[in-house]
$ cat work02.pdb   # PDB, C-alpha atoms, pLDDT in the B column
ATOM      1  CA  MET A 807       8.251  29.828   1.812  1.00 62.00           C
ATOM      2  CA  LEU A 808       6.679  31.070  -1.390  1.00 73.00           C
ATOM      3  CA  ASP A 809       7.035  34.693  -2.407  1.00 74.00           C
ATOM      4  CA  SER A 810       4.146  36.764  -3.802  1.00 74.00           C
ATOM      5  CA  GLY A 811       4.861  35.433  -7.309  1.00 74.00           C
ATOM      6  CA  GLY A 812       4.625  31.802  -6.196  1.00 71.00           C
ATOM      7  CA  ASP A 813       8.361  31.119  -6.406  1.00 71.00           C
ATOM      8  CA  VAL A 814      10.171  29.294  -3.611  1.00 70.00           C
ATOM      9  CA  ALA A 815      11.849  32.146  -1.707  1.00 66.00           C
ATOM     10  CA  ASP A 816      13.388  30.231   1.188  1.00 64.00           C
ATOM     11  CA  GLN A 817      13.716  26.657   2.386  1.00 66.00           C
ATOM     12  CA  ARG A 818      14.310  25.136   5.801  1.00 66.00           C
ATOM     13  CA  SER A 819      13.877  21.788   7.452  1.00 69.00           C
ATOM     14  CA  ALA A 820      11.219  21.185  10.063  1.00 65.00           C
ATOM     15  CA  SER A 821      10.241  17.981  11.795  1.00 66.00           C
ATOM     16  CA  PHE A 822       7.249  17.166  13.937  1.00 64.00           C
ATOM     17  CA  THR A 823       6.842  14.566  16.653  1.00 70.00           C
ATOM     18  CA  ASP A 824       3.079  15.031  16.903  1.00 70.00           C
ATOM     19  CA  PHE A 825       0.135  16.375  14.933  1.00 74.00           C
ATOM     20  CA  SER A 826       0.003  20.024  13.943  1.00 75.00           C
ATOM     21  CA  PHE A 827      -3.471  21.465  14.163  1.00 77.00           C
ATOM     22  CA  ALA A 828      -2.621  24.568  12.156  1.00 80.00           C
ATOM     23  CA  ARG A 829      -4.932  25.474   9.289  1.00 82.00           C
ATOM     24  CA  VAL A 830      -3.388  25.164   5.824  1.00 84.00           C
ATOM     25  CA  GLU A 831      -4.493  26.458   2.438  1.00 85.00           C
ATOM     26  CA  PRO A 832      -3.631  25.140  -1.030  1.00 87.00           C
ATOM     27  CA  VAL A 833      -1.467  27.544  -3.053  1.00 88.00           C
ATOM     28  CA  GLU A 834      -0.376  27.075  -6.658  1.00 88.00           C
ATOM     29  CA  GLY A 835       3.313  27.855  -7.072  1.00 88.00           C
ATOM     30  CA  ALA A 836       4.938  29.476 -10.108  1.00 87.00           C
ATOM     31  CA  ASP A 837       6.015  25.937 -11.061  1.00 88.00           C
ATOM     32  CA  CYS A 838       2.291  24.950 -11.260  1.00 88.00           C
ATOM     33  CA  GLN A 839       2.755  22.590  -8.283  1.00 88.00           C
ATOM     34  CA  VAL A 840       0.378  22.539  -5.302  1.00 89.00           C
ATOM     35  CA  TYR A 841       1.836  23.749  -2.006  1.00 88.00           C
ATOM     36  CA  TRP A 842       0.002  23.511   1.309  1.00 89.00           C
ATOM     37  CA  GLN A 843       0.747  26.774   3.131  1.00 88.00           C
ATOM     38  CA  THR A 844       0.370  27.084   6.898  1.00 88.00           C
ATOM     39  CA  ALA A 845      -2.141  29.862   7.572  1.00 87.00           C
ATOM     40  CA  GLU A 846      -1.670  30.348  11.331  1.00 86.00           C
ATOM     41  CA  GLY A 847       0.588  29.699  14.285  1.00 85.00           C
ATOM     42  CA  GLY A 848       4.342  29.792  14.726  1.00 82.00           C
ATOM     43  CA  LEU A 849       5.005  28.241  11.314  1.00 82.00           C
ATOM     44  CA  GLU A 850       2.619  30.537   9.411  1.00 87.00           C
ATOM     45  CA  GLY A 851       3.688  31.032   5.815  1.00 87.00           C
ATOM     46  CA  LEU A 852       5.652  27.791   5.497  1.00 85.00           C
ATOM     47  CA  SER A 853       4.599  25.708   2.514  1.00 87.00           C
ATOM     48  CA  TYR A 854       4.718  21.950   2.063  1.00 87.00           C
ATOM     49  CA  ARG A 855       4.712  20.027  -1.237  1.00 87.00           C
ATOM     50  CA  SER A 856       4.071  16.336  -1.623  1.00 85.00           C
ATOM     51  CA  PRO A 857       6.184  14.211  -1.842  1.00 85.00           C
ATOM     52  CA  ASP A 858       9.217  16.523  -1.481  1.00 82.00           C
ATOM     53  CA  SER A 859       8.287  17.577   2.051  1.00 81.00           C
ATOM     54  CA  GLY A 860       8.063  14.013   3.335  1.00 79.00           C
ATOM     55  CA  ASP A 861       5.005  12.323   4.755  1.00 80.00           C
ATOM     56  CA  PHE A 862       2.221  14.617   5.848  1.00 79.00           C
ATOM     57  CA  ARG A 863      -1.565  14.463   5.983  1.00 79.00           C
ATOM     58  CA  ILE A 864      -4.187  17.145   5.506  1.00 77.00           C
ATOM     59  CA  ARG A 865      -7.221  16.580   7.707  1.00 75.00           C
ATOM     60  CA  ALA A 866     -10.547  18.368   7.374  1.00 70.00           C
ATOM     61  CA  VAL A 867     -14.181  17.458   7.011  1.00 63.00           C
ATOM     62  CA  PHE A 868     -15.114  17.810   3.341  1.00 67.00           C
ATOM     63  CA  LEU A 869     -17.010  16.151   0.515  1.00 69.00           C
ATOM     64  CA  ASP A 870     -14.935  14.316  -2.091  1.00 70.00           C
ATOM     65  CA  ASP A 871     -15.630  14.356  -5.839  1.00 73.00           C
ATOM     66  CA  GLY A 872     -18.135  11.508  -5.399  1.00 78.00           C
ATOM     67  CA  GLY A 873     -20.075  13.371  -2.696  1.00 77.00           C
ATOM     68  CA  SER A 874     -18.828  11.211   0.181  1.00 74.00           C
ATOM     69  CA  ARG A 875     -17.802  12.805   3.466  1.00 71.00           C
ATOM     70  CA  ARG A 876     -14.087  12.346   4.218  1.00 69.00           C
ATOM     71  CA  SER A 877     -11.606  13.630   6.753  1.00 71.00           C
ATOM     72  CA  VAL A 878      -8.177  12.920   5.190  1.00 76.00           C
ATOM     73  CA  LEU A 879      -6.962  13.891   1.731  1.00 78.00           C
ATOM     74  CA  GLU A 880      -5.498  10.920  -0.125  1.00 80.00           C
ATOM     75  CA  ASP A 881      -1.861  11.118  -1.288  1.00 83.00           C
ATOM     76  CA  GLU A 882      -2.893  11.769  -4.893  1.00 82.00           C
ATOM     77  CA  ASP A 883      -5.086  14.681  -3.705  1.00 81.00           C
ATOM     78  CA  LEU A 884      -2.039  16.383  -2.159  1.00 83.00           C
ATOM     79  CA  THR A 885      -0.524  17.002  -5.596  1.00 85.00           C
ATOM     80  CA  ARG A 886      -3.522  18.483  -7.393  1.00 82.00           C
ATOM     81  CA  PHE A 887      -5.211  21.783  -6.654  1.00 80.00           C
ATOM     82  CA  PRO A 888      -8.620  21.056  -5.113  1.00 76.00           C
ATOM     83  CA  GLU A 889     -11.741  22.294  -6.882  1.00 70.00           C
ATOM     84  CA  ALA A 890     -13.046  23.397  -3.494  1.00 62.00           C
ATOM     85  CA  THR A 891     -10.955  24.061  -0.418  1.00 54.00           C
ATOM     86  CA  PRO A 892     -11.684  21.619   2.424  1.00 52.00           C
ATOM     87  CA  ALA A 893     -13.571  23.183   5.306  1.00 47.00           C
ATOM     88  CA  PRO A 894     -11.344  24.727   7.985  1.00 43.00           C
TER      89      PRO A 894
END

$ encode --input "work02.pdb" --output "structure tokens"
Amino acid sequence: MLDSGGDVADQRSASFTDFSFARVEPVEGADCQVYWQTAEGGLEGLSYRSPDSGDFRIRAVFLDDGGSRRSVLEDEDLTRFPEATPAP
């Protein structure tokens, strides 16, 4: 979890056997890294950082930089703060 200053305040392991449909939001940590923070559900407030948090995918319908419609952020997109947040 990130505290209000963007520092990692707590860490714990979590594993999933299926997809999570929870909404996530990009958050810039105090270390200038991009964290994907769960915005709802039982794991609300937990933050994930690629590649340290293992394999994960962010799915949403959005337009990429080239104007094409996509539904999955590419691995390299997980480590940079998006110019526009993907649609929830």

$ closest_residue --input "work02.pdb" --among "A:Cys838, A:Leu808, A:Ala845, A:Ala828" --to "Phe887 of chain A" --atoms "all atoms listed in the file"
A:Cys838

$ residues_around --input "work02.pdb" --residues "segment 829-831 of chain A" --least-positions-apart "3" --cutoff "12 Å" --atoms "only C-alpha atoms" --output "ChimeraX atom specification"
/A:825-826,834,840-855,862-866,884,887-888,890-894

$ atom_distance --input "work02.pdb" --atom1 "atom CA of Thr885 of chain A" --atom2 "atom CA of Gly835 of chain A"
11.6 Å

$ atom_distance --input "work02.pdb" --atom1 "atom CA of Asp881 of chain A" --atom2 "atom CA of Val814 of chain A"
21.9 Å

$ atom_distance --input "work02.pdb" --atom1 "atom CA of Ser810 of chain A" --atom2 "atom CA of Asp837 of chain A"
13.2 Å
